[in-house]
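Asks: So here's input_11.cif, just mmCIF, C-alpha atoms and all ligand atoms:
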```
data_my_file
#
loop_
_atom_site.label_atom_id
_atom_site.label_comp_id
_atom_site.auth_asym_id
_atom_site.auth_seq_id
_atom_site.Cartn_x
_atom_site.Cartn_y
_atom_site.Cartn_z
CA MET A 58 9.13 137.16 33.05
CA THR A 59 12.22 134.99 33.15
CA ILE A 60 13.13 133.42 29.84
CA VAL A 61 13.66 129.66 30.15
CA ILE A 62 16.01 128.95 27.24
CA ASP A 63 14.57 126.07 25.23
CA GLY A 64 17.66 124.07 24.25
CA LYS A 65 15.53 121.32 22.74
CA ALA A 66 13.86 123.68 20.27
CA ILE A 67 17.12 125.48 19.40
CA ALA A 68 18.90 122.14 18.93
CA ALA A 69 16.05 120.98 16.68
CA SER A 70 16.59 123.99 14.42
CA VAL A 71 20.34 123.24 14.24
CA ILE A 72 19.55 119.60 13.36
CA GLU A 73 17.16 120.79 10.65
CA ALA A 74 19.90 122.97 9.12
CA VAL A 75 22.43 120.11 9.37
CA THR A 76 20.02 117.73 7.61
CA VAL A 77 19.41 120.22 4.80
CA ALA A 78 23.19 120.73 4.39
CA ALA A 79 23.83 116.95 4.35
CA THR A 80 21.11 116.43 1.75
CA SER A 81 22.41 119.17 -0.53
CA LEU A 82 25.95 117.79 -0.28
CA GLU A 83 24.69 114.39 -1.39
CA SER A 84 22.55 115.88 -4.18
CA ALA A 85 25.70 117.60 -5.47
CA GLY A 86 27.20 114.13 -5.99
CA HIS A 87 29.26 113.81 -2.82
CA ARG A 88 29.25 111.10 -0.19
CA LYS A 89 27.00 111.16 2.86
CA PRO A 90 28.81 112.70 5.85
CA GLY A 91 30.39 109.84 7.82
CA LEU A 92 30.65 109.87 11.62
CA ALA A 93 32.52 107.19 13.60
CA VAL A 94 31.83 107.05 17.33
CA VAL A 95 34.20 104.97 19.43
CA ILE A 96 33.32 103.73 22.90
CA VAL A 97 35.46 101.61 25.19
CA GLY A 98 33.94 99.55 28.00
CA ASP A 99 30.44 99.31 29.34
CA ASP A 100 29.77 102.44 31.38
CA PRO A 101 25.96 102.77 31.11
CA ALA A 102 25.86 106.59 31.01
CA SER A 103 28.47 106.68 28.19
CA HIS A 104 26.51 104.06 26.24
CA THR A 105 23.37 106.16 26.60
CA TYR A 106 25.16 109.24 25.23
CA VAL A 107 26.82 107.32 22.40
CA GLY A 108 23.54 105.66 21.44
CA ALA A 109 21.90 109.08 21.23
CA LYS A 110 24.76 110.42 19.07
CA SER A 111 24.59 107.47 16.67
CA ARG A 112 20.80 107.72 16.33
CA MET A 113 20.93 111.45 15.70
CA ALA A 114 23.63 110.96 13.05
CA LYS A 115 21.31 108.57 11.19
CA GLN A 116 18.43 111.00 11.54
CA CYS A 117 20.60 113.69 9.90
CA GLY A 118 21.18 111.35 6.94
CA PHE A 119 24.78 110.53 7.87
CA ASN A 120 26.67 107.30 7.48
CA SER A 121 26.90 106.52 11.21
CA ILE A 122 29.29 103.89 12.50
CA GLN A 123 29.79 102.85 16.10
CA HIS A 124 32.88 100.94 17.26
CA THR A 125 32.59 99.32 20.68
CA LEU A 126 35.81 98.03 22.27
CA SER A 127 35.78 95.84 25.37
CA ALA A 128 36.62 97.35 28.77
CA GLY A 129 39.97 95.56 28.64
CA ALA A 130 41.03 96.96 25.24
CA SER A 131 44.66 98.09 25.11
CA GLN A 132 46.02 101.53 24.29
CA ASP A 133 47.53 100.08 21.10
CA GLU A 134 44.21 98.59 20.02
CA LEU A 135 42.46 101.92 20.47
CA MET A 136 45.25 103.85 18.72
CA ALA A 137 45.12 101.36 15.82
CA LEU A 138 41.35 101.85 15.48
CA VAL A 139 41.75 105.64 15.36
CA ALA A 140 44.56 105.29 12.80
CA SER A 141 42.30 103.17 10.56
CA LEU A 142 39.48 105.74 10.85
CA ASN A 143 41.92 108.55 10.01
CA ILE A 144 42.63 106.95 6.63
CA ASP A 145 39.06 105.75 5.98
CA PRO A 146 37.81 107.87 3.04
CA ASP A 147 34.17 107.42 4.12
CA ILE A 148 34.72 108.90 7.57
CA ASP A 149 34.61 112.69 8.05
CA GLY A 150 34.33 112.78 11.84
CA ILE A 151 35.79 110.69 14.67
CA LEU A 152 34.63 110.91 18.25
CA VAL A 153 36.15 108.87 21.07
CA GLN A 154 33.72 108.95 23.98
CA LEU A 155 35.26 110.13 27.27
CA PRO A 156 36.04 109.20 29.95
CA LEU A 157 38.04 106.15 28.90
CA PRO A 158 38.60 103.25 31.34
CA LYS A 159 41.30 104.12 33.88
CA HIS A 160 44.09 102.02 32.32
CA LEU A 161 43.91 104.04 29.08
CA ASP A 162 45.47 107.46 28.47
CA SER A 163 42.99 109.63 26.56
CA GLU A 164 45.40 112.41 25.54
CA PRO A 165 47.54 110.48 22.99
CA VAL A 166 44.34 109.02 21.55
CA ILE A 167 42.72 112.42 21.04
CA GLN A 168 45.90 113.95 19.68
CA SER A 169 46.21 111.09 17.15
CA ILE A 170 42.88 112.00 15.52
CA LEU A 171 43.41 114.02 12.33
CA PRO A 172 42.48 117.62 13.24
CA GLU A 173 40.14 117.85 10.23
CA LYS A 174 38.23 114.77 11.53
CA ASP A 175 38.29 115.89 15.19
CA VAL A 176 34.58 116.71 15.50
CA ASP A 177 34.99 116.99 19.30
CA GLY A 178 37.33 119.96 18.77
CA LEU A 179 39.80 118.60 21.30
CA HIS A 180 42.94 118.30 19.15
CA ILE A 181 45.52 120.95 20.04
CA VAL A 182 45.35 122.30 16.47
CA ASN A 183 41.62 122.98 16.90
CA ALA A 184 42.04 124.26 20.47
CA GLY A 185 44.89 126.49 19.24
CA LYS A 186 42.85 127.90 16.35
CA LEU A 187 40.09 128.83 18.78
CA ALA A 188 42.60 130.35 21.20
CA THR A 189 44.09 132.51 18.44
CA GLY A 190 40.69 133.70 17.24
CA ASP A 191 40.39 131.52 14.12
CA LEU A 192 36.77 130.37 14.32
CA LYS A 193 36.51 129.63 10.63
CA THR A 194 38.95 126.86 9.70
CA GLY A 195 38.99 124.61 12.79
CA LEU A 196 36.37 122.57 14.65
CA ILE A 197 35.00 123.91 17.93
CA SER A 198 34.27 121.73 20.95
CA CYS A 199 30.56 120.82 20.85
CA THR A 200 29.28 121.72 24.32
CA PRO A 201 30.80 125.22 24.40
CA ALA A 202 29.72 125.82 20.79
CA GLY A 203 26.18 124.83 21.79
CA ALA A 204 26.21 126.90 24.98
CA MET A 205 27.36 129.87 22.91
CA ILE A 206 24.34 129.55 20.62
CA LEU A 207 22.13 129.78 23.73
CA VAL A 208 23.97 132.94 24.83
CA ARG A 209 23.48 134.34 21.30
CA GLU A 210 19.70 133.76 21.63
CA ILE A 211 19.65 136.28 24.47
CA TYR A 212 22.37 138.80 23.64
CA GLY A 213 23.09 138.38 19.94
CA SER A 214 26.62 137.81 18.70
CA ASP A 215 28.34 140.90 20.15
CA LEU A 216 28.87 140.75 23.91
CA SER A 217 30.79 144.05 24.13
CA GLY A 218 30.60 145.54 27.61
CA LEU A 219 29.22 142.40 29.25
CA ASN A 220 30.96 140.52 32.07
CA ALA A 221 31.00 136.73 31.75
CA LEU A 222 32.01 134.20 34.38
CA VAL A 223 32.73 130.62 33.38
CA ILE A 224 32.93 128.32 36.39
CA GLY A 225 35.11 125.35 35.43
CA ARG A 226 38.45 125.21 33.61
CA SER A 227 38.44 121.90 31.73
CA ASN A 228 39.85 121.50 28.22
CA LEU A 229 36.54 119.91 27.19
CA PHE A 230 34.45 122.88 28.28
CA GLY A 231 35.67 125.74 30.49
CA LYS A 232 38.67 126.86 28.46
CA PRO A 233 36.99 126.76 25.02
CA MET A 234 33.84 128.41 26.45
CA ALA A 235 35.94 131.28 27.80
CA GLN A 236 37.64 131.65 24.40
CA LEU A 237 34.30 131.81 22.59
CA LEU A 238 32.96 134.46 24.97
CA LEU A 239 36.18 136.45 24.60
CA ASN A 240 35.94 136.20 20.81
CA ALA A 241 32.45 137.68 21.09
CA ASN A 242 33.96 140.64 23.01
CA ALA A 243 32.80 139.72 26.53
CA THR A 244 35.01 140.50 29.51
CA VAL A 245 35.73 136.99 30.72
CA THR A 246 36.67 135.49 34.07
CA ILE A 247 37.31 131.79 34.63
CA GLY A 248 36.43 130.65 38.15
CA HIS A 249 37.31 127.24 39.58
CA SER A 250 37.75 125.21 42.75
CA ARG A 251 40.75 127.31 43.83
CA SER A 252 39.06 130.68 43.28
CA ARG A 253 38.76 132.63 46.53
CA ASP A 254 35.17 133.86 46.37
CA LEU A 255 33.07 132.41 43.57
CA PRO A 256 29.80 133.99 44.75
CA ALA A 257 31.43 137.44 44.64
CA LEU A 258 32.79 136.80 41.13
CA ALA A 259 29.38 135.51 40.08
CA ARG A 260 27.63 138.67 41.30
CA GLN A 261 29.62 140.68 38.73
CA ALA A 262 28.53 138.48 35.84
CA ASP A 263 25.96 139.41 33.20
CA ILE A 264 26.52 135.92 31.78
CA LEU A 265 27.16 133.08 34.18
CA VAL A 266 28.14 129.69 32.79
CA ALA A 267 28.39 126.86 35.31
CA ALA A 268 30.26 123.64 34.52
CA VAL A 269 31.53 122.20 37.75
CA GLY A 270 29.64 118.93 38.23
CA ARG A 271 28.25 119.88 41.65
CA PRO A 272 24.48 119.57 41.93
CA GLN A 273 22.72 122.91 42.39
CA MET A 274 25.84 124.70 43.64
CA VAL A 275 24.93 128.12 42.20
CA LYS A 276 22.36 129.80 44.45
CA SER A 277 20.16 132.81 43.80
CA ASP A 278 22.25 135.09 46.03
CA TRP A 279 25.22 134.46 43.69
CA LEU A 280 23.42 136.14 40.80
CA LYS A 281 23.47 139.68 39.52
CA PRO A 282 19.76 140.46 39.03
CA GLY A 283 18.94 140.15 35.33
CA ALA A 284 21.90 137.86 34.55
CA THR A 285 21.75 135.16 31.90
CA VAL A 286 22.58 131.74 33.38
CA ILE A 287 23.78 128.81 31.29
CA ASP A 288 23.82 125.55 33.24
CA VAL A 289 26.18 122.95 31.79
CA GLY A 290 26.02 120.51 34.71
CA ILE A 291 24.30 117.14 34.40
CA ASN A 292 24.18 115.50 37.82
CA ARG A 293 22.25 112.41 38.85
CA VAL A 294 20.72 112.82 42.29
CA ASP A 295 18.44 110.54 44.27
CA ALA A 296 14.75 111.27 43.82
CA PRO A 297 12.93 109.25 46.49
CA GLU A 298 9.76 111.22 45.64
CA LYS A 299 9.73 109.33 42.30
CA GLY A 300 9.99 105.96 44.06
CA GLU A 301 12.67 103.93 45.76
CA GLY A 302 16.03 103.85 43.98
CA LYS A 303 14.90 106.48 41.45
CA PHE A 304 17.03 109.43 40.44
CA LYS A 305 16.64 112.67 38.54
CA LEU A 306 18.98 114.95 36.60
CA VAL A 307 19.81 118.38 38.00
CA GLY A 308 22.26 121.02 36.87
CA ASP A 309 24.97 122.93 38.70
CA VAL A 310 22.47 125.75 39.26
CA SER A 311 19.61 125.78 41.76
CA PHE A 312 17.07 126.35 39.01
CA ASP A 313 13.93 127.20 41.00
CA GLU A 314 15.50 129.91 43.13
CA CYS A 315 17.75 131.31 40.37
CA ALA A 316 14.90 131.53 37.85
CA SER A 317 13.31 134.35 39.85
CA VAL A 318 16.51 136.48 39.79
CA ALA A 319 17.84 135.75 36.30
CA LYS A 320 16.69 137.36 33.07
CA ALA A 321 17.23 134.07 31.22
CA ILE A 322 18.23 130.60 32.38
CA SER A 323 18.84 127.26 30.67
CA PRO A 324 17.17 124.27 32.34
CA VAL A 325 18.56 120.79 33.02
CA PRO A 326 17.50 118.67 31.28
CA GLY A 327 16.50 120.44 28.05
CA GLY A 328 19.10 123.22 27.97
CA VAL A 329 22.71 122.69 26.95
CA GLY A 330 22.40 118.87 26.72
CA PRO A 331 20.53 118.70 23.40
CA MET A 332 22.85 121.38 21.98
CA THR A 333 25.94 119.19 22.47
CA ILE A 334 24.63 116.49 20.16
CA ALA A 335 23.36 119.06 17.66
CA MET A 336 26.81 120.68 17.46
CA LEU A 337 28.47 117.29 16.97
CA MET A 338 26.25 116.86 13.92
CA ALA A 339 27.08 120.42 12.83
CA ASN A 340 30.82 119.73 13.12
CA THR A 341 30.45 116.51 11.14
CA VAL A 342 28.59 118.19 8.28
CA ILE A 343 31.16 121.02 8.31
CA ALA A 344 34.04 118.49 8.17
CA ALA A 345 32.31 116.62 5.30
CA HIS A 346 31.92 119.83 3.28
CA ARG A 347 35.56 120.79 3.77
CA ARG A 348 36.77 117.31 2.80
CA ALA A 349 34.58 117.50 -0.33
CA GLY A 350 36.04 120.92 -1.17
CA VAL A 351 32.64 122.59 -0.83
CA ALA A 352 32.00 125.78 1.21
CA ALA A 353 30.87 124.68 4.68
CA PRO A 354 27.76 126.00 6.41
CA SER A 355 28.13 127.90 9.67
CA PHE A 356 25.93 127.52 12.73
N1 LIG A 401 31.92 112.75 27.44
C1 LIG A 401 31.12 113.71 27.94
N2 LIG A 401 31.02 114.74 27.08
C2 LIG A 401 31.77 114.43 26.01
C3 LIG A 401 32.07 115.09 24.78
O1 LIG A 401 31.62 116.19 24.50
N3 LIG A 401 32.90 114.43 23.95
C4 LIG A 401 33.42 113.21 24.25
N4 LIG A 401 34.22 112.64 23.37
N5 LIG A 401 33.18 112.57 25.37
C5 LIG A 401 32.35 113.17 26.24
#
```
Any chance you could give the structure as structure tokens?
Replies:
Amino acid sequence: MTIVIDGKAIAASVIEAVTVAATSLESAGHRKPGLAVVIVGDDPASHTYVGAKSRMAKQCGFNSIQHTLSAGASQDELMALVASLNIDPDIDGILVQLPLPKHLDSEPVIQSILPEKDVDGLHIVNAGKLATGDLKTGLISCTPAGAMILVREIYGSDLSGLNALVIGRSNLFGKPMAQLLLNANATVTIGHSRSRDLPALARQADILVAAVGRPQMVKSDWLKPGATVIDVGINRVDAPEKGEGKFKLVGDVSFDECASVAKAISPVPGGVGPMTIAMLMANTVIAAHRRAGVAAPSF
């Protein structure tokens, strides 16, 4: 039987461990972990994500602060907000929700976050630590860290001898995911829109991770029988069967047909999605421990 990887349940166990770690930090006389989430503009999907992050931070017992800037906020205003959060002693983690409105340049903003408060793992210091195999002292990007925990559920932590294909090469996901798989000894290929024959690359993969943003692009005839498939896509598609104007969320993988060929597959929703928020909480509690000079938990 195909294993449908239950991201919700695995995320719940991460959240439980984060909450325990936050409580014990506070009982030892330290501050609550503090997470600041910054959102610019009024994109509804981003507000939904940010709302979920802020609520989860409260549930974990954190000091959770949300800063909402208007859609017309300037680069300087945003940079000044990040600078104030960098020096705020109550804040351990800073997350600037992406994408930013078009007139703003996200890169200088992200690179201005102190690496030790960069709970998104996007600062070049954190990306560089991951790329050089230091998984202990930096902060790892949340979605790849969460996807990796799902891979670990199936294969354990040593992927020696296994072929992995990551489809997508973004800094937010594809590159750090490939680094994590490589660190776990997988033989890693990164496929993308300019790759010549993605289906052929996919058929070599024991672990296939799809993060392209194209609804149901990966078909069953792409899969090596018995592969583990991690679907990182979250695509809104029309769902007239649910009523006029309704939509549903689907991944980058054609779940129904791939489920019969794969050994294990993560669904959308309920796969990688809940793991992203859980790993943001994990990074925040890790950052809070380090700032308090206390040994940090690992997840
Ligand atoms: N937008 C979509 N995913 C993410 C994420 O992981 N971090 C941030 N900051 N923005 C996002």
Asks: Given all atoms listed in the file as the basis, pick out the residue of A:Phe312, A:Phe119, A:Phe230, A:Tyr212 nearest to Ala268 of chain A.
Replies: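 Under the stated criterion, the closest residue is A:Phe230.
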Asks: Hey, which of A:Leu222, A:Met332, A:Ala257, A:Leu135 ends up closest to ligand LIG 401 (chain A)? Count only C-alpha atoms and all ligand atoms.
Replies: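 The shortest atom-to-atom distance to ligand LIG 401 (chain A) comes from A:Met332.
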Asks: What does the distance between atom CA of Leu142 of chain A and atom CA of Ala93 of chain A come to in Å, to one decimal place?
Replies: 7.6 Å
Asks: Using all atoms listed in the file, what does the table of chain A residues within 9 Å of ligand LIG 401 (chain A) look like, with each row giving the shortest atom pair and its distance in Å to one decimal, sorted by chain and ascending number, as a Markdown table?
Replies:
```
| residue | atom | partner | partner_atom | distance |
| --- | --- | --- | --- | --- |
| A:Val94 | CA | A:LIG401 | N4 | 8.6 |
| A:Val95 | CA | A:LIG401 | N4 | 8.6 |
| A:Ile96 | CA | A:LIG401 | N4 | 9.0 |
| A:Ser103 | CA | A:LIG401 | N1 | 7.0 |
| A:Tyr106 | CA | A:LIG401 | C1 | 7.9 |
| A:Val107 | CA | A:LIG401 | N5 | 8.8 |
| A:Leu152 | CA | A:LIG401 | N4 | 5.4 |
| A:Val153 | CA | A:LIG401 | N4 | 4.8 |
| A:Gln154 | CA | A:LIG401 | N4 | 3.8 |
| A:Leu155 | CA | A:LIG401 | N5 | 3.7 |
| A:Pro156 | CA | A:LIG401 | N1 | 6.0 |
| A:Leu157 | CA | A:LIG401 | N5 | 8.8 |
| A:Ile167 | CA | A:LIG401 | N4 | 8.8 |
| A:Val176 | CA | A:LIG401 | N4 | 8.9 |
| A:Asp177 | CA | A:LIG401 | N3 | 5.7 |
| A:Gly178 | CA | A:LIG401 | N3 | 8.8 |
| A:Leu179 | CA | A:LIG401 | N4 | 8.4 |
| A:Ser198 | CA | A:LIG401 | O1 | 7.1 |
| A:Cys199 | CA | A:LIG401 | O1 | 6.0 |
| A:Thr200 | CA | A:LIG401 | O1 | 6.0 |
| A:Leu229 | CA | A:LIG401 | O1 | 6.7 |
| A:Phe230 | CA | A:LIG401 | O1 | 8.2 |
| A:Thr333 | CA | A:LIG401 | O1 | 6.7 |
| A:Ile334 | CA | A:LIG401 | O1 | 8.2 |
| A:Leu337 | CA | A:LIG401 | O1 | 8.2 |
```
Asks: Determine, counting all atoms listed in the file, which protein, DNA and RNA residues have an atom within 10 Å of an atom of Asp263 of chain A; residues of the same chain fewer than 6 positions away are not included. Present the result as a PyMOL selection string.
Replies: chain A and resi 216+218-222+243-244+280-286+319-320
Asks: Suppose we keep C-alpha atoms; can you now write the selection as a PDB file, in the coordinates of the input?
Replies:
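File produced: again13.pdb:
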```
ATOM      1  CA  LEU A 216      28.870 140.750  23.910  1.00  0.00           C
ATOM      2  CA  GLY A 218      30.600 145.540  27.610  1.00  0.00           C
ATOM      3  CA  LEU A 219      29.220 142.400  29.250  1.00  0.00           C
ATOM      4  CA  ASN A 220      30.960 140.520  32.070  1.00  0.00           C
ATOM      5  CA  ALA A 221      31.000 136.730  31.750  1.00  0.00           C
ATOM      6  CA  LEU A 222      32.010 134.200  34.380  1.00  0.00           C
ATOM      7  CA  ALA A 243      32.800 139.720  26.530  1.00  0.00           C
ATOM      8  CA  THR A 244      35.010 140.500  29.510  1.00  0.00           C
ATOM      9  CA  LEU A 280      23.420 136.140  40.800  1.00  0.00           C
ATOM     10  CA  LYS A 281      23.470 139.680  39.520  1.00  0.00           C
ATOM     11  CA  PRO A 282      19.760 140.460  39.030  1.00  0.00           C
ATOM     12  CA  GLY A 283      18.940 140.150  35.330  1.00  0.00           C
ATOM     13  CA  ALA A 284      21.900 137.860  34.550  1.00  0.00           C
ATOM     14  CA  THR A 285      21.750 135.160  31.900  1.00  0.00           C
ATOM     15  CA  VAL A 286      22.580 131.740  33.380  1.00  0.00           C
ATOM     16  CA  ALA A 319      17.840 135.750  36.300  1.00  0.00           C
ATOM     17  CA  LYS A 320      16.690 137.360  33.070  1.00  0.00           C
TER      18      LYS A 320
END
```
Asks: Tell me which residues come within 12 Å of (41.7, 99.2, 24.3), as a list in words, counting only C-alpha atoms in the file's coordinates.
Replies: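 Every residue inside that radius is included here: Val95, Ile96, Val97, Gly98, His124, Thr125, Leu126, Ser127, Ala128, Gly129, Ala130, Ser131, Gln132, Asp133, Glu134, Leu135, Met136, Ala137, Leu138, Val139, Val153, Leu157, Pro158, Lys159, His160, Leu161, Asp162, Ser163 and Val166 of chain A.
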Asks: Using only C-alpha atoms, which of the listed residues (A:Pro90, A:Pro354, A:Gly308, A:Pro233) sits closest to Gly328 of chain A?
Replies: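 Of the candidates, the smallest distance to Gly328 of chain A is held by A:Gly308.
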Asks: Quick one: of A:Val289, A:Ser355, A:Ala345, A:Gly203, who's nearest to Ile322 of chain A, counting only C-alpha atoms?
Replies: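 Closest residue, counting only C-alpha atoms: A:Val289.
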Asks: Let me have the centre and edge lengths in Å, one decimal, of the box along x, y and z around every listed atom of segment 212-230 of chain A with 5 Å of margin on each side, as AutoDock Vina command-line options.
Replies:
```
--center_x 31.1 --center_y 132.7 --center_z 27.5 --size_x 27.5 --size_y 35.6 --size_z 27.7
```
Asks: Would you list the residues near (40.8, 109.3, 11.8), meaning any protein, DNA or RNA residue with an atom at most 7 Å from that point in file coordinates, counting only C-alpha atoms, as a PDB file with C-alpha atoms, keeping the file's coordinate frame?
Replies:
```pdb
ATOM      1  CA  VAL A 139      41.750 105.640  15.360  1.00  0.00           C
ATOM      2  CA  ALA A 140      44.560 105.290  12.800  1.00  0.00           C
ATOM      3  CA  SER A 141      42.300 103.170  10.560  1.00  0.00           C
ATOM      4  CA  LEU A 142      39.480 105.740  10.850  1.00  0.00           C
ATOM      5  CA  ASN A 143      41.920 108.550  10.010  1.00  0.00           C
ATOM      6  CA  ILE A 144      42.630 106.950   6.630  1.00  0.00           C
ATOM      7  CA  ILE A 151      35.790 110.690  14.670  1.00  0.00           C
ATOM      8  CA  ILE A 170      42.880 112.000  15.520  1.00  0.00           C
ATOM      9  CA  LEU A 171      43.410 114.020  12.330  1.00  0.00           C
ATOM     10  CA  LYS A 174      38.230 114.770  11.530  1.00  0.00           C
TER      11      LYS A 174
END
```
Asks: Choose the residue, out of A:Ala66, A:Met338, A:Gly231, A:Val223, that has the smallest atom-to-atom separation from Ala114 of chain A; count all atoms listed in the file.
Replies: A:Met338
Asks: If you measure from atom CA of Arg293 of chain A to atom CA of Asp313 of chain A, what distance in Å do you get, rounded to one decimal?
Replies: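 Separation of atom CA of Arg293 of chain A and atom CA of Asp313 of chain A: 17.1 Å.
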Asks: What would segment 134-145 of chain A look like with N, CA and C atoms restored, written as a compact mmCIF listing (two decimals), in the frame of the given file?
Replies:
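Dumped to selection_3.txt:
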```txt
# COMPACT_ATOMS: atom_id res chain seq x y z
N GLU A 134 45.42 98.95 20.78
CA GLU A 134 44.21 98.59 20.02
C GLU A 134 43.40 99.84 19.68
N LEU A 135 43.25 100.70 20.67
CA LEU A 135 42.46 101.92 20.47
C LEU A 135 43.16 102.86 19.48
N MET A 136 44.48 102.99 19.64
CA MET A 136 45.25 103.85 18.72
C MET A 136 45.16 103.31 17.29
N ALA A 137 45.18 101.97 17.16
CA ALA A 137 45.12 101.36 15.82
C ALA A 137 43.75 101.62 15.19
N LEU A 138 42.69 101.57 16.00
CA LEU A 138 41.35 101.85 15.48
C LEU A 138 41.27 103.30 14.98
N VAL A 139 41.78 104.23 15.77
CA VAL A 139 41.75 105.64 15.36
C VAL A 139 42.56 105.82 14.07
N ALA A 140 43.72 105.17 14.00
CA ALA A 140 44.56 105.29 12.80
C ALA A 140 43.81 104.78 11.57
N SER A 141 43.03 103.71 11.73
CA SER A 141 42.30 103.17 10.56
C SER A 141 41.16 104.13 10.17
N LEU A 142 40.55 104.78 11.16
CA LEU A 142 39.48 105.74 10.85
C LEU A 142 40.05 107.01 10.21
N ASN A 143 41.27 107.37 10.62
CA ASN A 143 41.92 108.55 10.01
C ASN A 143 42.08 108.39 8.50
N ILE A 144 42.39 107.14 8.07
CA ILE A 144 42.63 106.95 6.63
C ILE A 144 41.39 106.43 5.90
N ASP A 145 40.28 106.25 6.62
CA ASP A 145 39.06 105.75 5.98
C ASP A 145 38.41 106.89 5.19
```
